[in-house]
file model-v9.pdb (PDB, C-alpha atoms)
ATOM      1  CA  MET U  97      20.590   4.559  -5.964
ATOM      2  CA  ALA U  98      17.546   3.283  -4.092
ATOM      3  CA  LEU U  99      16.410   0.572  -6.512
ATOM      4  CA  ARG U 100      19.862  -0.772  -7.450
ATOM      5  CA  TYR U 101      19.229  -1.458 -11.132
ATOM      6  CA  ASP U 102      22.203  -2.475 -13.276
ATOM      7  CA  ALA U 103      23.001  -3.841 -16.754
ATOM      8  CA  GLY U 104      21.924  -7.318 -15.654
ATOM      9  CA  THR U 105      18.411  -6.160 -14.783
ATOM     10  CA  ALA U 106      15.521  -7.763 -16.687
ATOM     11  CA  TYR U 107      12.565  -5.668 -15.573
ATOM     12  CA  LEU U 108       8.977  -6.871 -16.027
ATOM     13  CA  HIS U 109       6.469  -4.057 -16.581
ATOM     14  CA  ALA U 110       3.461  -5.585 -14.819
ATOM     15  CA  ALA U 111       1.977  -2.454 -13.271
ATOM     16  CA  PRO U 112       0.305   0.180 -15.492
ATOM     17  CA  MET U 113       3.010   2.174 -17.265
ATOM     18  CA  PHE U 114       1.040   5.430 -17.038
ATOM     19  CA  HIS U 115       1.537   5.219 -13.266
ATOM     20  CA  LEU U 116       4.870   6.639 -12.148
ATOM     21  CA  ALA U 117       5.495   3.737  -9.779
ATOM     22  CA  ASP U 118       6.300   1.791 -12.937
ATOM     23  CA  GLY U 119       7.185   4.798 -15.070
ATOM     24  CA  CYS U 120      10.261   5.664 -13.005
ATOM     25  CA  SER U 121      11.655   2.218 -13.782
ATOM     26  CA  SER U 122      11.125   2.793 -17.512
ATOM     27  CA  PHE U 123      13.799   5.491 -17.299
ATOM     28  CA  ALA U 124      16.011   3.964 -14.622
ATOM     29  CA  VAL U 125      16.360   0.539 -16.249
ATOM     30  CA  THR U 126      17.115   2.183 -19.597
ATOM     31  CA  MET U 127      19.757   4.410 -17.994
ATOM     32  CA  CYS U 128      21.447   1.281 -16.627
ATOM     33  CA  ALA U 129      21.244  -0.540 -20.007
ATOM     34  CA  GLY U 130      18.928  -3.168 -18.551
ATOM     35  CA  ARG U 131      16.302  -5.184 -20.414
ATOM     36  CA  HIS U 132      12.533  -4.468 -20.520
ATOM     37  CA  VAL U 133       9.863  -7.187 -20.541
ATOM     38  CA  PHE U 134       6.205  -6.213 -21.021
ATOM     39  CA  LEU U 135       2.992  -7.716 -19.690
ATOM     40  CA  PRO U 136       0.006  -6.120 -21.477
ATOM     41  CA  ARG U 137      -2.436  -7.040 -18.713
ATOM     42  CA  PHE U 138      -1.645  -8.316 -15.231
ATOM     43  CA  GLU U 139      -2.711 -11.889 -14.597
ATOM     44  CA  PRO U 140      -0.906 -14.176 -12.127
ATOM     45  CA  VAL U 141      -0.415 -17.005 -14.639
ATOM     46  CA  ALA U 142       0.937 -14.667 -17.335
ATOM     47  CA  PHE U 143       3.211 -12.949 -14.792
ATOM     48  CA  ARG U 144       4.593 -16.279 -13.638
ATOM     49  CA  ARG U 145       5.235 -17.514 -17.184
ATOM     50  CA  LEU U 146       7.017 -14.348 -18.266
ATOM     51  CA  VAL U 147       9.259 -14.413 -15.209
ATOM     52  CA  ARG U 148      10.233 -17.986 -16.044
ATOM     53  CA  ASP U 149      10.542 -17.654 -19.833
ATOM     54  CA  GLN U 150      12.292 -14.251 -19.885
ATOM     55  CA  ALA U 151      14.481 -14.769 -16.799
ATOM     56  CA  VAL U 152      12.982 -11.671 -15.185
ATOM     57  CA  THR U 153      14.983 -10.284 -12.266
ATOM     58  CA  ASP U 154      12.934  -7.285 -11.081
ATOM     59  CA  SER U 155       9.365  -5.995 -11.130
ATOM     60  CA  THR U 156       7.088  -3.480  -9.419
ATOM     61  CA  ILE U 157       3.642  -4.481  -8.181
ATOM     62  CA  VAL U 158       0.906  -3.158  -5.913
ATOM     63  CA  PRO U 159      -0.518  -5.069  -2.911
ATOM     64  CA  THR U 160      -3.530  -6.380  -4.837
ATOM     65  CA  MET U 161      -1.151  -7.902  -7.389
ATOM     66  CA  MET U 162       0.968  -9.441  -4.649
ATOM     67  CA  ALA U 163      -2.148 -11.017  -3.145
ATOM     68  CA  ALA U 164      -3.044 -12.515  -6.525
ATOM     69  CA  LEU U 165       0.459 -13.970  -6.907
ATOM     70  CA  VAL U 166       0.528 -15.648  -3.500
ATOM     71  CA  ASN U 167      -3.027 -16.949  -4.018
ATOM     72  CA  ASP U 168      -2.082 -18.564  -7.355
ATOM     73  CA  PRO U 169      -2.562 -22.279  -6.560
ATOM     74  CA  ALA U 170      -0.221 -23.432  -9.327
ATOM     75  CA  ALA U 171       2.728 -21.220  -8.354
ATOM     76  CA  THR U 172       5.951 -22.825  -7.155
ATOM     77  CA  PRO U 173       9.280 -21.306  -6.095
ATOM     78  CA  ALA U 174      10.849 -22.764  -9.253
ATOM     79  CA  ASP U 175       8.650 -20.518 -11.410
ATOM     80  CA  TYR U 176      10.336 -17.489  -9.865
ATOM     81  CA  ALA U 177      13.911 -18.784  -9.712
ATOM     82  CA  SER U 178      15.328 -15.819 -11.673
ATOM     83  CA  LEU U 179      13.502 -13.167  -9.668
ATOM     84  CA  ARG U 180      15.762 -11.249  -7.323
ATOM     85  CA  ARG U 181      13.748  -8.206  -6.282
ATOM     86  CA  LEU U 182      10.104  -7.109  -6.069
ATOM     87  CA  TYR U 183       9.229  -3.501  -5.385
ATOM     88  CA  TYR U 184       5.808  -2.644  -4.036
ATOM     89  CA  GLY U 185       3.802   0.358  -2.900
ATOM     90  CA  ALA U 186       0.696   2.429  -3.743
ATOM     91  CA  ALA U 187      -1.110   1.133  -0.632
ATOM     92  CA  PRO U 188      -0.217  -0.560   2.666
ATOM     93  CA  MET U 189       0.612  -4.248   2.254
ATOM     94  CA  PRO U 190      -1.341  -6.558   4.621
ATOM     95  CA  GLU U 191       1.043  -8.442   6.883
ATOM     96  CA  ALA U 192      -0.481 -11.785   5.943
ATOM     97  CA  THR U 193       0.218 -11.140   2.253
ATOM     98  CA  ILE U 194       3.875 -10.210   2.694
ATOM     99  CA  ARG U 195       4.429 -13.179   5.027
ATOM    100  CA  ARG U 196       3.037 -15.553   2.395
ATOM    101  CA  ALA U 197       5.170 -13.875  -0.262
ATOM    102  CA  LEU U 198       8.301 -14.338   1.843
ATOM    103  CA  ALA U 199       7.468 -18.035   2.195
ATOM    104  CA  LEU U 200       6.751 -18.533  -1.525
ATOM    105  CA  LEU U 201       9.761 -16.531  -2.740
ATOM    106  CA  PRO U 202      12.532 -16.959  -0.162
ATOM    107  CA  GLN U 203      15.265 -15.772  -2.541
ATOM    108  CA  VAL U 204      13.491 -12.532  -3.481
ATOM    109  CA  LYS U 205      14.345  -9.206  -1.848
ATOM    110  CA  PHE U 206      11.160  -7.271  -1.152
ATOM    111  CA  GLN U 207      11.419  -3.490  -1.129
ATOM    112  CA  GLN U 208       8.532  -1.207  -0.251
ATOM    113  CA  ALA U 209       8.544   2.400  -1.427
ATOM    114  CA  TRP U 210       6.258   5.354  -0.838
ATOM    115  CA  GLY U 211       5.771   8.269  -3.159
ATOM    116  CA  MET U 212       3.443  10.076  -5.526
ATOM    117  CA  THR U 213       3.507  11.565  -8.991
ATOM    118  CA  GLU U 214       4.118  15.002  -7.472
ATOM    119  CA  LEU U 215       7.468  13.757  -6.071
ATOM    120  CA  SER U 216       8.851  12.346  -9.351
ATOM    121  CA  PRO U 217       7.861   9.869  -7.719
ATOM    122  CA  ILE U 218       9.740   8.319  -4.749
ATOM    123  CA  GLY U 219       9.690   9.913  -1.290
ATOM    124  CA  CYS U 220      11.043   7.092   0.827
ATOM    125  CA  THR U 221      11.974   3.441   0.561
ATOM    126  CA  ILE U 222      13.215   0.698   2.837
ATOM    127  CA  GLU U 223      16.229  -1.552   2.479
ATOM    128  CA  PRO U 224      15.260  -5.145   1.611
ATOM    129  CA  ARG U 225      17.036  -6.480   4.682
ATOM    130  CA  TYR U 226      14.095  -5.301   6.792
ATOM    131  CA  SER U 227      11.631  -7.537   4.903
ATOM    132  CA  VAL U 228      12.058 -10.367   7.417
ATOM    133  CA  VAL U 229       9.942 -11.827  10.204
ATOM    134  CA  ASP U 230      12.784 -12.882  12.515
ATOM    135  CA  GLY U 231      16.136 -11.563  13.709
ATOM    136  CA  PRO U 232      17.460  -8.100  14.615
ATOM    137  CA  ASP U 233      16.022  -6.436  11.483
ATOM    138  CA  ALA U 234      12.466  -7.721  12.040
ATOM    139  CA  GLY U 235       9.530  -5.549  13.040
ATOM    140  CA  ARG U 236       9.422  -3.198  10.050
ATOM    141  CA  LEU U 237       7.391  -5.164   7.514
ATOM    142  CA  ALA U 238       4.786  -2.399   7.610
ATOM    143  CA  SER U 239       7.302   0.428   7.106
ATOM    144  CA  CYS U 240       8.000   2.120   3.787
ATOM    145  CA  GLY U 241      11.431   3.091   5.084
ATOM    146  CA  LYS U 242      13.289   6.386   5.291
ATOM    147  CA  PRO U 243      13.356   9.449   3.025
ATOM    148  CA  VAL U 244      15.443   9.098  -0.138
ATOM    149  CA  SER U 245      18.484  11.325  -0.563
ATOM    150  CA  SER U 246      16.718  13.947  -2.701
ATOM    151  CA  VAL U 247      14.012  15.024  -0.231
ATOM    152  CA  GLU U 248      13.249  16.199   3.266
ATOM    153  CA  LEU U 249      10.226  14.548   4.890
ATOM    154  CA  ARG U 250       8.237  15.523   7.963
ATOM    155  CA  ILE U 251       5.043  14.395   9.663
ATOM    156  CA  LEU U 252       2.837  17.449  10.284
ATOM    157  CA  ASP U 253      -0.338  18.186  12.229
ATOM    158  CA  ALA U 254      -3.365  20.034  10.858
ATOM    159  CA  VAL U 255      -1.735  23.459  11.315
ATOM    160  CA  GLY U 256       1.633  22.529   9.810
ATOM    161  CA  ARG U 257       3.628  21.754  12.952
ATOM    162  CA  GLU U 258       5.904  18.724  13.078
ATOM    163  CA  VAL U 259       4.482  16.076  15.417
ATOM    164  CA  PRO U 260       6.473  14.006  17.930
ATOM    165  CA  ARG U 261       7.872  10.647  16.849
ATOM    166  CA  GLY U 262       5.223   7.940  17.007
ATOM    167  CA  THR U 263       2.377  10.427  16.471
ATOM    168  CA  VAL U 264       0.192  10.169  13.377
ATOM    169  CA  GLY U 265       0.052  13.174  11.075
ATOM    170  CA  GLU U 266       0.265  14.033   7.382
ATOM    171  CA  ILE U 267       3.386  13.317   5.341
ATOM    172  CA  ALA U 268       4.869  16.496   3.887
ATOM    173  CA  VAL U 269       7.886  16.593   1.563
ATOM    174  CA  ARG U 270      10.137  19.234   0.052
ATOM    175  CA  GLY U 271      13.137  19.078  -2.243
ATOM    176  CA  PRO U 272      14.233  19.474  -5.870
ATOM    177  CA  THR U 273      12.161  16.523  -7.098
ATOM    178  CA  VAL U 274       8.871  18.006  -5.842
ATOM    179  CA  MET U 275       6.578  19.335  -8.562
ATOM    180  CA  GLN U 276       6.332  23.038  -9.379
ATOM    181  CA  GLY U 277       2.543  22.857  -9.479
ATOM    182  CA  TYR U 278      -0.584  21.423 -11.081
ATOM    183  CA  TRP U 279      -1.129  22.479 -14.688
ATOM    184  CA  ASN U 280      -3.481  25.471 -14.804
ATOM    185  CA  ARG U 281      -4.740  24.823 -11.246
ATOM    186  CA  PRO U 282      -3.355  27.619  -9.079
ATOM    187  CA  ALA U 283      -5.752  27.072  -6.163
ATOM    188  CA  GLU U 284      -4.957  23.357  -5.901
ATOM    189  CA  THR U 285      -1.244  24.122  -6.252
ATOM    190  CA  ALA U 286      -1.332  26.660  -3.429
ATOM    191  CA  GLU U 287      -3.173  24.210  -1.175
ATOM    192  CA  ALA U 288      -0.829  21.292  -1.900
ATOM    193  CA  LEU U 289       2.389  23.329  -1.585
ATOM    194  CA  ARG U 290       1.406  25.506   1.359
ATOM    195  CA  GLY U 291       4.276  26.486   3.610
ATOM    196  CA  GLY U 292       6.802  25.291   1.029
ATOM    197  CA  TRP U 293       5.988  21.606   1.620
ATOM    198  CA  MET U 294       4.133  19.147  -0.605
ATOM    199  CA  HIS U 295       1.221  17.909   1.488
ATOM    200  CA  SER U 296       0.595  14.296   0.476
ATOM    201  CA  GLY U 297      -2.801  13.512   1.973
ATOM    202  CA  ASP U 298      -1.294  10.357   3.504
ATOM    203  CA  ALA U 299      -1.490   9.758   7.249
ATOM    204  CA  ALA U 300       1.625   8.228   8.794
ATOM    205  CA  TYR U 301       3.960   8.249  11.763
ATOM    206  CA  MET U 302       7.751   8.137  12.069
ATOM    207  CA  ASP U 303       9.469   6.015  14.710
ATOM    208  CA  GLU U 304      12.495   7.014  16.765
ATOM    209  CA  GLN U 305      14.874   5.604  14.142
ATOM    210  CA  GLY U 306      13.279   7.616  11.315
ATOM    211  CA  PHE U 307      11.283   4.798   9.695
ATOM    212  CA  VAL U 308       7.949   5.904   8.224
ATOM    213  CA  PHE U 309       4.762   3.856   8.653
ATOM    214  CA  ILE U 310       1.754   4.669   6.442
ATOM    215  CA  VAL U 311      -1.551   4.167   8.278
ATOM    216  CA  ASP U 312      -4.164   5.517   5.856
ATOM    217  CA  ARG U 313      -5.210   8.086   3.339
ATOM    218  CA  LEU U 314      -6.551  11.012   5.364
ATOM    219  CA  LYS U 315      -9.816  10.820   3.406
ATOM    220  CA  ASP U 316     -10.161   7.139   4.379
ATOM    221  CA  MET U 317      -9.626   7.702   8.111
ATOM    222  CA  ILE U 318     -12.678   6.757  10.176
ATOM    223  CA  VAL U 319     -13.719   8.978  13.085
ATOM    224  CA  SER U 320     -15.834   6.826  15.409
ATOM    225  CA  GLY U 321     -17.007   8.289  18.710
ATOM    226  CA  GLY U 322     -14.297  10.941  18.520
ATOM    227  CA  GLU U 323     -11.516   8.379  18.034
ATOM    228  CA  ASN U 324      -9.460   8.115  14.849
ATOM    229  CA  VAL U 325      -9.454   4.645  13.316
ATOM    230  CA  TYR U 326      -7.004   3.944  10.501
ATOM    231  CA  SER U 327      -8.365   1.424   8.038
ATOM    232  CA  ALA U 328      -4.963  -0.091   7.236
ATOM    233  CA  GLU U 329      -4.501  -1.265  10.837
ATOM    234  CA  VAL U 330      -7.895  -2.960  10.871
ATOM    235  CA  GLU U 331      -7.349  -4.489   7.420
ATOM    236  CA  ASN U 332      -4.006  -5.856   8.563
ATOM    237  CA  ALA U 333      -5.600  -7.530  11.592
ATOM    238  CA  ILE U 334      -8.308  -9.121   9.454
ATOM    239  CA  SER U 335      -5.861 -10.250   6.757
ATOM    240  CA  LEU U 336      -4.145 -12.536   9.287
ATOM    241  CA  LEU U 337      -7.345 -14.571   9.649
ATOM    242  CA  PRO U 338      -7.140 -17.773   7.578
ATOM    243  CA  GLY U 339      -9.661 -17.760   4.772
ATOM    244  CA  VAL U 340      -9.466 -14.040   3.969
ATOM    245  CA  ALA U 341      -8.486 -13.351   0.353
ATOM    246  CA  GLU U 342      -9.213  -9.598   0.244
ATOM    247  CA  VAL U 343     -10.407  -7.047   2.767
ATOM    248  CA  ALA U 344     -11.287  -3.365   2.793
ATOM    249  CA  VAL U 345     -12.392  -1.337   5.800
ATOM    250  CA  VAL U 346     -14.556   1.779   5.449
ATOM    251  CA  GLY U 347     -16.510   4.150   7.648
ATOM    252  CA  VAL U 348     -20.310   3.927   7.484
ATOM    253  CA  PRO U 349     -22.987   6.146   9.100
ATOM    254  CA  ASP U 350     -23.762   5.430  12.738
ATOM    255  CA  PRO U 351     -26.396   7.343  14.770
ATOM    256  CA  ARG U 352     -24.430   7.062  17.997
ATOM    257  CA  TYR U 353     -20.784   7.269  16.959
ATOM    258  CA  GLY U 354     -21.054   9.296  13.761
ATOM    259  CA  GLU U 355     -19.168   6.642  11.855
ATOM    260  CA  ALA U 356     -18.778   2.927  12.455
ATOM    261  CA  VAL U 357     -16.013   0.627  11.298
ATOM    262  CA  HIS U 358     -17.275  -1.714   8.585
ATOM    263  CA  ALA U 359     -15.282  -4.555   7.002
ATOM    264  CA  ILE U 360     -15.880  -5.855   3.482
ATOM    265  CA  ILE U 361     -14.289  -9.260   2.912
ATOM    266  CA  VAL U 362     -13.750 -11.532  -0.074
ATOM    267  CA  PRO U 363     -13.205 -15.053   1.350
ATOM    268  CA  ARG U 364     -10.765 -17.513  -0.157
ATOM    269  CA  PRO U 365     -12.412 -20.274  -2.220
ATOM    270  CA  GLY U 366     -13.977 -22.850   0.081
ATOM    271  CA  ALA U 367     -13.402 -20.799   3.234
ATOM    272  CA  ARG U 368     -16.182 -20.424   5.787
ATOM    273  CA  LEU U 369     -16.184 -17.134   7.667
ATOM    274  CA  ASP U 370     -18.781 -15.313   9.716
ATOM    275  CA  ALA U 371     -18.928 -11.811  11.165
ATOM    276  CA  GLU U 372     -18.571 -12.918  14.795
ATOM    277  CA  GLN U 373     -15.419 -14.855  13.948
ATOM    278  CA  VAL U 374     -13.887 -11.848  12.188
ATOM    279  CA  ILE U 375     -14.719  -9.420  15.004
ATOM    280  CA  ALA U 376     -13.409 -11.830  17.652
ATOM    281  CA  ALA U 377     -10.125 -12.219  15.755
ATOM    282  CA  CYS U 378      -9.773  -8.433  15.590
ATOM    283  CA  ARG U 379     -10.286  -8.092  19.341
ATOM    284  CA  GLU U 380      -7.257 -10.311  19.881
ATOM    285  CA  ARG U 381      -5.031  -7.948  17.866
ATOM    286  CA  ILE U 382      -6.318  -4.375  18.107
ATOM    287  CA  ALA U 383      -8.227  -2.124  20.510
ATOM    288  CA  GLY U 384     -11.944  -2.757  20.825
ATOM    289  CA  TYR U 385     -13.019   0.602  19.407
ATOM    290  CA  LYS U 386     -11.113  -0.160  16.196
ATOM    291  CA  CYS U 387     -12.865  -3.473  15.577
ATOM    292  CA  PRO U 388     -15.590  -3.722  12.924
ATOM    293  CA  ARG U 389     -19.147  -3.348  14.134
ATOM    294  CA  ALA U 390     -20.380  -5.148  11.034
ATOM    295  CA  VAL U 391     -18.941  -7.296   8.268
ATOM    296  CA  THR U 392     -20.074  -7.752   4.676
ATOM    297  CA  PHE U 393     -18.967 -10.737   2.611
ATOM    298  CA  ARG U 394     -18.855 -10.632  -1.178
ATOM    299  CA  ALA U 395     -17.990 -13.207  -3.821
ATOM    300  CA  GLU U 396     -16.670 -10.793  -6.450
ATOM    301  CA  PRO U 397     -13.217  -9.154  -6.104
ATOM    302  CA  LEU U 398     -12.945  -5.691  -4.591
ATOM    303  CA  PRO U 399     -13.228  -2.879  -7.145
ATOM    304  CA  LEU U 400      -9.865  -1.540  -8.301
ATOM    305  CA  SER U 401      -8.645   1.562 -10.064
ATOM    306  CA  ALA U 402      -6.550   1.287 -13.222
ATOM    307  CA  ALA U 403      -3.487   1.551 -10.968
ATOM    308  CA  GLY U 404      -4.627  -1.423  -8.869
ATOM    309  CA  LYS U 405      -5.818   0.490  -5.795
ATOM    310  CA  VAL U 406      -9.024  -0.506  -3.998
ATOM    311  CA  LEU U 407     -11.806   1.999  -4.767
ATOM    312  CA  LYS U 408     -13.016   2.669  -1.244
ATOM    313  CA  ALA U 409     -15.227   5.552  -2.382
ATOM    314  CA  GLU U 410     -17.180   3.038  -4.467
ATOM    315  CA  LEU U 411     -17.466   0.671  -1.503
ATOM    316  CA  ARG U 412     -18.636   3.480   0.817
ATOM    317  CA  ALA U 413     -21.153   4.972  -1.598
ATOM    318  CA  PRO U 414     -24.126   2.635  -0.910
ATOM    319  CA  PHE U 415     -23.900   3.257   2.833
ATOM    320  CA  TRP U 416     -23.810   7.051   2.454
ATOM    321  CA  ALA U 417     -26.417   7.362  -0.318
ATOM    322  CA  GLY U 418     -28.763  10.262   0.413
ATOM    323  CA  ARG U 419     -26.648  11.529   3.306
ATOM    324  CA  GLU U 420     -24.333  14.492   3.570
ATOM    325  CA  SER U 421     -20.905  12.990   4.007
ATOM    326  CA  ARG U 422     -17.336  14.193   4.133
ATOM    327  CA  LEU U 423     -16.258  10.801   2.798
ATOM    328  CA  VAL U 424     -15.877  11.299  -0.935
TER     329      VAL U 424
END

call {"tool": "encode", "arguments": {"input": "model-v9.pdb", "output": "structure tokens"}}
result
Amino acid sequence: MALRYDAGTAYLHAAPMFHLADGCSSFAVTMCAGRHVFLPRFEPVAFRRLVRDQAVTDSTIVPTMMAALVNDPAATPADYASLRRLYYGAAPMPEATIRRALALLPQVKFQQAWGMTELSPIGCTIEPRYSVVDGPDAGRLASCGKPVSSVELRILDAVGREVPRGTVGEIAVRGPTVMQGYWNRPAETAEALRGGWMHSGDAAYMDEQGFVFIVDRLKDMIVSGGENVYSAEVENAISLLPGVAEVAVVGVPDPRYGEAVHAIIVPRPGARLDAEQVIAACRERIAGYKCPRAVTFRAEPLPLSAAGKVLKAELRAPFWAGRESRLV
């Protein structure tokens, strides 16, 4: 119902098939008698060629893949003429990336979804009509939408109470598609399913219309001087700066504030960036206490998991070496 597959679907498996973000489409496309196209290893050029040669209509990607596609210097709209829908999730999409994708692929409907393996896997998704920068439906590019029909979803505080709209808390879900438990892990099962709700570990808020906005993984939240800083908001602000190819924001030790906001940036080829420029750009878009206190530039891409997520624990590790840290 949410993804709208049909018999005319030609689905490109570009994301890892062991990950349920792609795995759910393995079943859904088959149920609809659609066609499967396989990409053994994601590379922008190979993705582009398969879309063109196999008349691909749909695919699921993660934000790092989307960034690679829009940064492909040889890509043209004609390469993606058959593509009608791209689904994305697994991590917040930087606004700059989705804006560039909308410009490169004007005919494509972009649909963000949020979920996890424990939910089988989708918890909420947004209608493609909200993936616009202008008009009455604009303003929700960062939202993963509303709960799907099979679940109830709430935003809870640390003691399990639902928070007011607009307040950040933890996403909790219940319904028939929620897992029964982790295999042979009763303690972890009890913790995850406490109170009858699946506690996701994702920090988010819900607006007055019921749209959900992911702000961070709880374990990636930075507490600086007693204030919560959500890395996704800072990353989004930095991504809008021309010359930024990739960015990750982590918390590092600080003797005064406990943790300090630190940005790690991969510049675009030929771009010239400096820390003062990055921090100044952030101050124009977000509160001062959320801005990075330091910036590291690196030539190599950010480290990724097999599912295409940035490994922030690996990026944090050198800063916390030899210290007792809650950031694992």

call {"tool": "axis_aligned_box", "arguments": {"input": "model-v9.pdb", "around": "stretch 398-416 of chain U", "padding_each_side": "6 Å", "output": "JSON"}}
result
{"center_x": -13.8, "center_y": 0.7, "center_z": -5.2, "size_x": 32.6, "size_y": 24.7, "size_z": 28.1}

call {"tool": "closest_residue", "arguments": {"input": "model-v9.pdb", "among": "U:Val228, U:Ala283, U:Val343, U:Ala111", "to": "U:Leu407", "atoms": "only C-alpha atoms"}}
result
U:Val343

call {"tool": "resolve_selection", "arguments": {"input": "model-v9.pdb", "expression": "the PyMOL selection byres ((chain U and resi 299) around 6)", "output": "ChimeraX atom specification"}}
result
/U:265-266,298,300,311-314

call {"tool": "write_last_selection", "arguments": {"input": "model-v9.pdb", "atoms": "C-alpha atoms", "output": "CSV table (one decimal), in the coordinates of the input"}}
result
chain,number,residue,atom,x,y,z
U,265,GLY,CA,0.1,13.2,11.1
U,266,GLU,CA,0.3,14.0,7.4
U,298,ASP,CA,-1.3,10.4,3.5
U,300,ALA,CA,1.6,8.2,8.8
U,311,VAL,CA,-1.6,4.2,8.3
U,312,ASP,CA,-4.2,5.5,5.9
U,313,ARG,CA,-5.2,8.1,3.3
U,314,LEU,CA,-6.6,11.0,5.4

call {"tool": "residues_around", "arguments": {"input": "model-v9.pdb", "residues": "U:Val274", "least_positions_apart": "6", "cutoff": "8 Å", "atoms": "only C-alpha atoms", "output": "ChimeraX atom specification"}}
result
/U:214-216,294

call {"tool": "atom_distance", "arguments": {"input": "model-v9.pdb", "atom1": "atom CA of U:Lys205", "atom2": "atom CA of U:Tyr183"}}
result
8.4 Å

call {"tool": "resolve_selection", "arguments": {"input": "model-v9.pdb", "expression": "the PyMOL selection byres ((chain U and resi 364) around 6)", "output": "JSON, numbers by chain"}}
result
{"U": [339, 340, 341, 363, 365, 367]}

call {"tool": "closest_residue", "arguments": {"input": "model-v9.pdb", "among": "U:Gly347, U:Pro282, U:Gly219, U:Pro169", "to": "U:Lys386", "atoms": "all atoms listed in the file"}}
result
U:Gly347

call {"tool": "residues_near_point", "arguments": {"input": "model-v9.pdb", "point": "(3.0, 1.9, -11.8)", "cutoff": "10 Å", "atoms": "all atoms listed in the file", "output": "PyMOL selection string"}}
result
chain U and resi 109-122+156-158+184-186+402-404

call {"tool": "write_last_selection", "arguments": {"input": "model-v9.pdb", "atoms": "C-alpha atoms", "output": "mmCIF file, keeping the file's coordinate frame"}}
result
data_model
loop_
_atom_site.group_PDB
_atom_site.id
_atom_site.type_symbol
_atom_site.label_atom_id
_atom_site.label_comp_id
_atom_site.auth_asym_id
_atom_site.auth_seq_id
_atom_site.Cartn_x
_atom_site.Cartn_y
_atom_site.Cartn_z
ATOM 1 C CA HIS U 109 6.469 -4.057 -16.581
ATOM 2 C CA ALA U 110 3.461 -5.585 -14.819
ATOM 3 C CA ALA U 111 1.977 -2.454 -13.271
ATOM 4 C CA PRO U 112 0.305 0.180 -15.492
ATOM 5 C CA MET U 113 3.010 2.174 -17.265
ATOM 6 C CA PHE U 114 1.040 5.430 -17.038
ATOM 7 C CA HIS U 115 1.537 5.219 -13.266
ATOM 8 C CA LEU U 116 4.870 6.639 -12.148
ATOM 9 C CA ALA U 117 5.495 3.737 -9.779
ATOM 10 C CA ASP U 118 6.300 1.791 -12.937
ATOM 11 C CA GLY U 119 7.185 4.798 -15.070
ATOM 12 C CA CYS U 120 10.261 5.664 -13.005
ATOM 13 C CA SER U 121 11.655 2.218 -13.782
ATOM 14 C CA SER U 122 11.125 2.793 -17.512
ATOM 15 C CA THR U 156 7.088 -3.480 -9.419
ATOM 16 C CA ILE U 157 3.642 -4.481 -8.181
ATOM 17 C CA VAL U 158 0.906 -3.158 -5.913
ATOM 18 C CA TYR U 184 5.808 -2.644 -4.036
ATOM 19 C CA GLY U 185 3.802 0.358 -2.900
ATOM 20 C CA ALA U 186 0.696 2.429 -3.743
ATOM 21 C CA ALA U 402 -6.550 1.287 -13.222
ATOM 22 C CA ALA U 403 -3.487 1.551 -10.968
ATOM 23 C CA GLY U 404 -4.627 -1.423 -8.869
#

call {"tool": "residues_around", "arguments": {"input": "model-v9.pdb", "residues": "U:Leu165", "least_positions_apart": "4", "cutoff": "10 Å", "atoms": "all atoms listed in the file", "output": "PyMOL selection string"}}
result
chain U and resi 139-141+143-144+159-161+169-171+193+196-197+200

call {"tool": "closest_residue", "arguments": {"input": "model-v9.pdb", "among": "U:Pro414, U:Gly271, U:Gly384, U:Pro188", "to": "U:Arg250", "atoms": "all atoms listed in the file"}}
result
U:Gly271

call {"tool": "atom_distance", "arguments": {"input": "model-v9.pdb", "atom1": "atom CA of U:Leu237", "atom2": "atom CA of U:Glu223"}}
result
10.8 Å

call {"tool": "atom_distance", "arguments": {"input": "model-v9.pdb", "atom1": "atom CA of U:Tyr176", "atom2": "atom CA of U:Glu331"}}
result
27.9 Å

call {"tool": "residues_around", "arguments": {"input": "model-v9.pdb", "residues": "stretch 369-371 of chain U", "least_positions_apart": "3", "cutoff": "12 Å", "atoms": "all atoms listed in the file", "output": "ChimeraX atom specification"}}
result
/U:334,337-341,358-366,374-378,387-394

call {"tool": "closest_residue", "arguments": {"input": "model-v9.pdb", "among": "U:Arg137, U:Tyr107, U:Ser239, U:Gly321", "to": "U:Ala124", "atoms": "all atoms listed in the file"}}
result
U:Tyr107

call {"tool": "closest_residue", "arguments": {"input": "model-v9.pdb", "among": "U:Glu258, U:Asp154, U:Glu284, U:Asp350", "to": "U:Gln207", "atoms": "all atoms listed in the file"}}
result
U:Asp154

call {"tool": "resolve_selection", "arguments": {"input": "model-v9.pdb", "expression": "the PyMOL selection byres ((chain U and resi 125) around 9)", "output": "list in words"}}
result
Tyr101, Asp102, Ala103, Thr105, Ala106, Tyr107, Cys120, Ser121, Ser122, Phe123, Ala124, Thr126, Met127, Cys128, Ala129, Gly130, Arg131 and His132 of chain U

call {"tool": "write_last_selection", "arguments": {"input": "model-v9.pdb", "atoms": "C-alpha atoms", "output": "short mmCIF file (atom, residue, chain, number, x, y, z; two decimals), in the frame of the given file"}}
result
data_model
loop_
_atom_site.label_atom_id
_atom_site.label_comp_id
_atom_site.auth_asym_id
_atom_site.auth_seq_id
_atom_site.Cartn_x
_atom_site.Cartn_y
_atom_site.Cartn_z
CA TYR U 101 19.23 -1.46 -11.13
CA ASP U 102 22.20 -2.48 -13.28
CA ALA U 103 23.00 -3.84 -16.75
CA THR U 105 18.41 -6.16 -14.78
CA ALA U 106 15.52 -7.76 -16.69
CA TYR U 107 12.56 -5.67 -15.57
CA CYS U 120 10.26 5.66 -13.00
CA SER U 121 11.66 2.22 -13.78
CA SER U 122 11.12 2.79 -17.51
CA PHE U 123 13.80 5.49 -17.30
CA ALA U 124 16.01 3.96 -14.62
CA THR U 126 17.11 2.18 -19.60
CA MET U 127 19.76 4.41 -17.99
CA CYS U 128 21.45 1.28 -16.63
CA ALA U 129 21.24 -0.54 -20.01
CA GLY U 130 18.93 -3.17 -18.55
CA ARG U 131 16.30 -5.18 -20.41
CA HIS U 132 12.53 -4.47 -20.52
#
